[in-house]
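Novice: File follows, query-v5.json with JSON, C-alpha atoms:
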[["chain", "number", "residue", "atom", "x", "y", "z"],
["A", 1, "MET", "CA", 152.28, 104.75, 87.95],
["A", 2, "LYS", "CA", 152.91, 106.51, 84.65],
["A", 3, "GLN", "CA", 154.44, 103.32, 83.23],
["A", 4, "ILE", "CA", 151.33, 101.36, 84.20],
["A", 5, "ILE", "CA", 149.07, 103.88, 82.50],
["A", 6, "ASP", "CA", 151.23, 103.84, 79.36],
["A", 7, "PHE", "CA", 151.09, 100.04, 79.36],
["A", 8, "ILE", "CA", 147.29, 100.06, 79.62],
["A", 9, "LEU", "CA", 147.03, 102.64, 76.87],
["A", 10, "THR", "CA", 149.30, 100.59, 74.59],
["A", 11, "LEU", "CA", 147.38, 97.39, 75.29],
["A", 12, "TYR", "CA", 144.01, 99.01, 74.65],
["A", 13, "GLU", "CA", 145.24, 100.66, 71.45],
["A", 14, "LYS", "CA", 146.39, 97.25, 70.19],
["A", 15, "ILE", "CA", 142.93, 95.85, 70.92],
["A", 16, "LEU", "CA", 141.29, 98.76, 69.14],
["A", 17, "GLY", "CA", 143.67, 98.30, 66.23],
["A", 18, "ARG", "CA", 142.02, 94.95, 65.55],
["A", 19, "LEU", "CA", 138.57, 96.44, 65.47],
["A", 20, "LYS", "CA", 137.01, 97.48, 62.21],
["A", 21, "GLU", "CA", 134.95, 100.28, 63.71],
["A", 22, "THR", "CA", 137.08, 103.38, 63.06],
["A", 23, "ARG", "CA", 134.51, 105.46, 64.91],
["A", 24, "LEU", "CA", 135.39, 103.63, 68.14],
["A", 25, "ARG", "CA", 139.11, 104.30, 67.67],
["A", 26, "HIS", "CA", 138.47, 107.99, 67.05],
["A", 27, "THR", "CA", 136.31, 108.14, 70.17],
["A", 28, "TRP", "CA", 139.07, 106.59, 72.27],
["A", 29, "SER", "CA", 141.67, 109.02, 70.93],
["A", 30, "PHE", "CA", 139.39, 111.88, 71.81],
["A", 31, "ILE", "CA", 138.86, 110.58, 75.36],
["A", 32, "LYS", "CA", 142.56, 109.90, 75.87],
["A", 33, "ASP", "CA", 143.58, 113.40, 74.79],
["A", 34, "LYS", "CA", 140.96, 114.95, 77.05],
["A", 35, "LEU", "CA", 142.12, 112.91, 80.03],
["A", 36, "LYS", "CA", 145.72, 114.01, 79.60],
["A", 37, "LYS", "CA", 144.63, 117.65, 79.70],
["A", 38, "LEU", "CA", 142.55, 117.31, 82.85],
["A", 39, "PRO", "CA", 144.10, 118.85, 85.97],
["A", 40, "VAL", "CA", 143.53, 115.74, 88.08],
["A", 41, "PRO", "CA", 146.02, 113.53, 89.95],
["A", 42, "LEU", "CA", 147.68, 110.71, 88.03],
["A", 43, "ARG", "CA", 145.93, 108.17, 90.24],
["A", 44, "TRP", "CA", 142.48, 109.36, 89.19],
["A", 45, "GLN", "CA", 143.52, 109.30, 85.55],
["A", 46, "PHE", "CA", 144.56, 105.71, 86.08],
["A", 47, "TYR", "CA", 141.20, 104.85, 87.69],
["A", 48, "THR", "CA", 139.29, 106.55, 84.88],
["A", 49, "ILE", "CA", 141.25, 104.85, 82.11],
["A", 50, "THR", "CA", 140.92, 101.47, 83.81],
["A", 51, "LEU", "CA", 137.15, 101.94, 84.12],
["A", 52, "ILE", "CA", 136.87, 102.87, 80.43],
["A", 53, "LEU", "CA", 138.95, 99.82, 79.54],
["A", 54, "VAL", "CA", 136.73, 97.47, 81.54],
["A", 55, "ILE", "CA", 133.53, 98.97, 80.12],
["A", 56, "GLY", "CA", 134.90, 98.80, 76.59],
["A", 57, "ILE", "CA", 135.88, 95.15, 76.92],
["A", 58, "PHE", "CA", 132.53, 94.08, 78.35],
["A", 59, "SER", "CA", 130.70, 96.17, 75.76],
["A", 60, "GLY", "CA", 132.67, 94.54, 72.96],
["A", 61, "ILE", "CA", 131.97, 91.05, 74.31],
["A", 62, "SER", "CA", 128.27, 91.86, 74.67],
["A", 63, "ASN", "CA", 128.02, 93.21, 71.11],
["A", 64, "TYR", "CA", 129.85, 90.17, 69.76],
["A", 65, "LEU", "CA", 127.49, 87.75, 71.51],
["A", 66, "ASN", "CA", 124.42, 89.68, 70.37],
["A", 67, "LYS", "CA", 125.53, 89.53, 66.76],
["A", 68, "GLN", "CA", 126.00, 85.77, 66.77],
["A", 69, "PRO", "CA", 123.29, 83.97, 64.76],
["A", 70, "ASN", "CA", 120.87, 81.79, 66.63],
["A", 71, "LYS", "CA", 121.83, 78.33, 65.46],
["A", 72, "GLN", "CA", 119.05, 76.58, 67.31],
["A", 73, "PRO", "CA", 116.60, 74.90, 64.93],
["A", 74, "ILE", "CA", 113.16, 76.42, 64.54],
["A", 75, "VAL", "CA", 110.68, 74.24, 66.38],
["A", 76, "PRO", "CA", 107.08, 74.56, 65.16],
["A", 77, "PRO", "CA", 104.34, 74.91, 67.74],
["A", 78, "PRO", "CA", 102.04, 71.98, 68.44],
["A", 79, "ALA", "CA", 99.77, 71.23, 65.50],
["A", 80, "LYS", "CA", 96.29, 72.63, 65.80],
["A", 81, "LYS", "CA", 94.80, 70.51, 63.08],
["A", 82, "GLU", "CA", 96.64, 67.88, 61.11],
["A", 83, "MET", "CA", 95.45, 67.03, 57.62],
["A", 84, "GLN", "CA", 93.18, 64.03, 57.64],
["A", 85, "VAL", "CA", 93.85, 62.97, 54.05],
["A", 86, "PRO", "CA", 97.54, 62.35, 53.29],
["A", 87, "LEU", "CA", 98.82, 63.93, 50.10],
["A", 88, "LYS", "CA", 100.33, 62.01, 47.25],
["A", 89, "GLN", "CA", 104.05, 62.38, 46.66],
["A", 90, "GLU", "CA", 103.36, 64.25, 43.43],
["A", 91, "GLU", "CA", 101.37, 66.82, 45.39],
["A", 92, "LYS", "CA", 104.16, 67.22, 47.93],
["A", 93, "ASN", "CA", 106.61, 67.68, 45.07],
["A", 94, "LEU", "CA", 104.40, 70.40, 43.65],
["A", 95, "LEU", "CA", 104.17, 72.19, 47.00],
["A", 96, "ALA", "CA", 107.94, 72.00, 47.47],
["A", 97, "ARG", "CA", 108.40, 73.44, 44.01],
["A", 98, "LEU", "CA", 105.97, 76.25, 44.87],
["A", 99, "VAL", "CA", 108.01, 77.03, 48.00],
["A", 100, "ALA", "CA", 111.16, 77.19, 45.90],
["A", 101, "ALA", "CA", 109.56, 79.53, 43.38],
["A", 102, "GLU", "CA", 107.62, 81.79, 45.73],
["A", 103, "ALA", "CA", 109.70, 81.80, 48.93],
["A", 104, "GLN", "CA", 113.23, 80.58, 48.30],
["A", 105, "ASN", "CA", 114.69, 83.76, 49.81],
["A", 106, "GLU", "CA", 112.21, 83.91, 52.68],
["A", 107, "PRO", "CA", 112.84, 82.69, 56.25],
["A", 108, "TYR", "CA", 111.86, 79.13, 56.97],
["A", 109, "VAL", "CA", 108.73, 80.23, 58.83],
["A", 110, "GLY", "CA", 107.69, 82.16, 55.72],
["A", 111, "GLN", "CA", 108.17, 79.08, 53.57],
["A", 112, "VAL", "CA", 105.92, 77.05, 55.84],
["A", 113, "ALA", "CA", 103.39, 79.87, 55.68],
["A", 114, "VAL", "CA", 103.29, 79.72, 51.86],
["A", 115, "VAL", "CA", 102.39, 76.05, 52.02],
["A", 116, "ALA", "CA", 99.83, 76.79, 54.72],
["A", 117, "VAL", "CA", 98.12, 79.28, 52.40],
["A", 118, "VAL", "CA", 97.61, 76.52, 49.82],
["A", 119, "LEU", "CA", 96.25, 74.18, 52.49],
["A", 120, "ASN", "CA", 93.92, 76.90, 53.77],
["A", 121, "ARG", "CA", 92.59, 77.34, 50.26],
["A", 122, "LEU", "CA", 92.07, 73.61, 50.09],
["A", 123, "GLU", "CA", 89.65, 73.88, 53.00],
["A", 124, "SER", "CA", 87.90, 76.97, 51.64],
["A", 125, "PRO", "CA", 84.82, 76.61, 49.41],
["A", 126, "ALA", "CA", 86.01, 79.63, 47.42],
["A", 127, "PHE", "CA", 88.90, 77.67, 45.90],
["A", 128, "PRO", "CA", 89.36, 74.40, 43.99],
["A", 129, "ASN", "CA", 89.41, 71.22, 46.04],
["A", 130, "THR", "CA", 92.75, 69.72, 44.97],
["A", 131, "ILE", "CA", 96.35, 70.86, 45.39],
["A", 132, "PRO", "CA", 97.16, 70.89, 41.64],
["A", 133, "GLU", "CA", 94.00, 72.85, 40.83],
["A", 134, "ILE", "CA", 94.86, 75.44, 43.48],
["A", 135, "VAL", "CA", 98.46, 75.81, 42.34],
["A", 136, "PHE", "CA", 97.58, 75.99, 38.64],
["A", 137, "GLU", "CA", 94.52, 78.18, 39.04],
["A", 138, "PRO", "CA", 94.98, 81.02, 36.51],
["A", 139, "TRP", "CA", 97.02, 83.89, 37.98],
["A", 140, "ALA", "CA", 96.91, 82.41, 41.48],
["A", 141, "PHE", "CA", 100.72, 82.44, 41.72],
["A", 142, "GLU", "CA", 103.05, 84.61, 39.66],
["A", 143, "SER", "CA", 105.76, 81.95, 39.54],
["A", 144, "VAL", "CA", 103.30, 79.56, 37.91],
["A", 145, "ALA", "CA", 102.09, 82.15, 35.42],
["A", 146, "ASN", "CA", 105.59, 83.03, 34.25],
["A", 147, "GLY", "CA", 106.94, 79.46, 34.36],
["A", 148, "PHE", "CA", 109.55, 80.14, 37.03],
["A", 149, "ILE", "CA", 108.18, 77.28, 39.10],
["A", 150, "TRP", "CA", 109.76, 74.83, 36.63],
["A", 151, "GLN", "CA", 113.16, 76.53, 36.58],
["A", 152, "VAL", "CA", 114.07, 76.91, 40.23],
["A", 153, "PRO", "CA", 116.02, 74.09, 42.00],
["A", 154, "ILE", "CA", 114.39, 72.32, 44.93],
["A", 155, "LYS", "CA", 116.09, 71.82, 48.30],
["A", 156, "SER", "CA", 115.32, 69.22, 50.93],
["A", 157, "SER", "CA", 114.38, 71.99, 53.37],
["A", 158, "TYR", "CA", 111.42, 72.84, 51.13],
["A", 159, "TYR", "CA", 110.03, 69.36, 51.69],
["A", 160, "THR", "CA", 110.51, 69.87, 55.42],
["A", 161, "ALA", "CA", 108.48, 73.07, 55.19],
["A", 162, "VAL", "CA", 105.75, 71.17, 53.34],
["A", 163, "GLN", "CA", 105.67, 68.48, 56.01],
["A", 164, "ASP", "CA", 105.52, 71.01, 58.85],
["A", 165, "ALA", "CA", 102.54, 72.67, 57.19],
["A", 166, "LEU", "CA", 100.87, 69.31, 56.63],
["A", 167, "SER", "CA", 101.40, 68.57, 60.32],
["A", 168, "GLY", "CA", 99.28, 71.57, 61.22],
["A", 169, "TRP", "CA", 101.77, 74.42, 61.58],
["A", 170, "ASP", "CA", 100.22, 77.57, 60.09],
["A", 171, "PRO", "CA", 102.39, 80.68, 60.69],
["A", 172, "SER", "CA", 100.02, 82.62, 58.41],
["A", 173, "ASN", "CA", 97.17, 82.23, 60.92],
["A", 174, "GLY", "CA", 94.64, 81.11, 58.36],
["A", 175, "ALA", "CA", 95.68, 83.34, 55.44],
["A", 176, "LEU", "CA", 94.32, 82.72, 51.96],
["A", 177, "TYR", "CA", 96.66, 85.09, 50.12],
["A", 178, "PHE", "CA", 100.17, 86.48, 50.38],
["A", 179, "PHE", "CA", 102.08, 89.10, 48.44],
["A", 180, "ASN", "CA", 105.30, 91.06, 48.38],
["A", 181, "PRO", "CA", 104.48, 94.76, 48.86],
["A", 182, "GLU", "CA", 107.63, 95.71, 46.93],
["A", 183, "LYS", "CA", 106.51, 93.81, 43.85],
["A", 184, "ALA", "CA", 102.71, 93.70, 43.99],
["A", 185, "THR", "CA", 101.03, 95.36, 41.00],
["A", 186, "SER", "CA", 97.44, 94.48, 41.88],
["A", 187, "ALA", "CA", 95.43, 97.15, 43.68],
["A", 188, "TRP", "CA", 92.94, 94.47, 44.72],
["A", 189, "ILE", "CA", 95.39, 92.59, 46.93],
["A", 190, "TRP", "CA", 95.81, 95.69, 49.10],
["A", 191, "THR", "CA", 92.09, 95.59, 49.90],
["A", 192, "ARG", "CA", 92.39, 92.21, 51.61],
["A", 193, "PRO", "CA", 92.44, 92.24, 55.44],
["A", 194, "GLN", "CA", 96.05, 91.80, 56.48],
["A", 195, "ILE", "CA", 96.97, 89.25, 59.13],
["A", 196, "THR", "CA", 100.73, 89.26, 59.52],
["A", 197, "LYS", "CA", 104.01, 89.90, 57.76],
["A", 198, "ILE", "CA", 106.73, 87.25, 57.58],
["A", 199, "GLY", "CA", 109.92, 88.16, 55.80],
["A", 200, "ASN", "CA", 108.98, 90.05, 52.64],
["A", 201, "HIS", "CA", 105.45, 88.65, 52.43],
["A", 202, "ILE", "CA", 102.24, 90.06, 53.80],
["A", 203, "PHE", "CA", 99.59, 87.40, 54.52],
["A", 204, "THR", "CA", 95.91, 88.26, 54.19],
["A", 205, "TYR", "CA", 92.41, 86.82, 54.26]]
Would you mind writing the file out in structure tokens?

Specialist:
Amino acid sequence: MKQIIDFILTLYEKILGRLKETRLRHTWSFIKDKLKKLPVPLRWQFYTITLILVIGIFSGISNYLNKQPNKQPIVPPPAKKEMQVPLKQEEKNLLARLVAAEAQNEPYVGQVAVVAVVLNRLESPAFPNTIPEIVFEPWAFESVANGFIWQVPIKSSYYTAVQDALSGWDPSNGALYFFNPEKATSAWIWTRPQITKIGNHIFTY
């Protein structure tokens, strides 16, 4: 029986040796030392160690699976309202460039939401009635004001985000503005009613 226990201990220590979490190894050493000092029969020590081994293995498998990225593509919900007037290619290029400049490090849903904000402004009487006029409205977008919009590279996924927004997907839920709370310098933007937060951006009316 003692040989079996020593074999299990050796096997488990080899498994733990491959783990990066030193805290887990220290915990096991602590448990093992305590078990050896317990005045219980060898059989019960064997049962206890085996139970810990089984729990540890299943726990490790569960943690590994939970940490795996979800590789399934993001599927937008059914369009509520598709744009009636198709945009020109130049306007789509401009929107894709805006996504690159304003949301290149944001999740895909956040990139679609940035485009949706422009489209929501297009339908609002408080804003200009063309895509270029909305994008180039003075101080409407920081990346336009500082010229970054012309420096950032464009990826094909940005055009996909544009098309999803044009198809009626609006993750912003009707927002007219968005801002990064870590970078915002305008006190006015904090007065806008907030709708949702996606990635680093807060979307507001």

Novice: Near segment 190-199 of chain A, within 10 Å and counting all atoms listed in the file, which residues show up once chain neighbours fewer than 3 positions away are dropped, as an MDAnalysis selection string?

Specialist: chainID A and resid 103 105:111 113 171:181 184:187 202:205

Novice: With distances taken over all atoms listed in the file, which of A:Lys92, A:Leu87, A:Ile134, A:Asn200 is nearest to Asn120 of chain A?

Specialist: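 So, comparing all the options, the nearest one is A:Ile134.
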
Novice: Which residue, A:Ser167, A:Ser143, A:Pro128, A:Ser156, has the smallest gap to Ala96 of chain A when you use all atoms listed in the file?

Specialist: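 Nearest to Ala96 of chain A: A:Ser156.
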
Novice: Distance atom CA of Tyr158 of chain A-atom CA of Trp139 of chain A, one decimal place?

Specialist: 22.4 Å

Novice: Quick one: of A:Val144, A:Val152, A:Ile131, A:Ala165, who's nearest to Ala116 of chain A, counting all atoms listed in the file?

Specialist: A:Ala165

Novice: Here is a test: counting all atoms listed in the file, which residue of A:Ala100, A:Leu94, A:Val114, A:Ile189 is nearest to Trp169 of chain A?

Specialist: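 Of all the options, A:Val114 lies closest to Trp169 of chain A.
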
Novice: In Å, with one decimal, what is the gap from atom CA of Thr130 of chain A to atom CA of Thr160 of chain A?

Specialist: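 According to the coordinates, atom CA of Thr130 of chain A and atom CA of Thr160 of chain A are separated by 20.6 Å.
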
Novice: With only C-alpha atoms as the basis for distance, which of A:Val99, A:Val118, A:Leu166, A:Ala161 is at the shortest distance from Glu133 of chain A?

Specialist: A:Val118

Novice: Just the number, please: distance in Å from atom CA of Glu90 of chain A to atom CA of Gln163 of chain A, one decimal.

Specialist: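 Taking atom CA of Glu90 of chain A and atom CA of Gln163 of chain A, their separation equals 13.5 Å.
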
Novice: Rank A:Val135, A:Ala101, A:Leu119, A:Ala140 by their smallest atom-to-atom distance to Ile154 of chain A, using only C-alpha atoms, and report the top residue only.

Specialist: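 Result for the nearest residue to Ile154 of chain A: A:Ala101.
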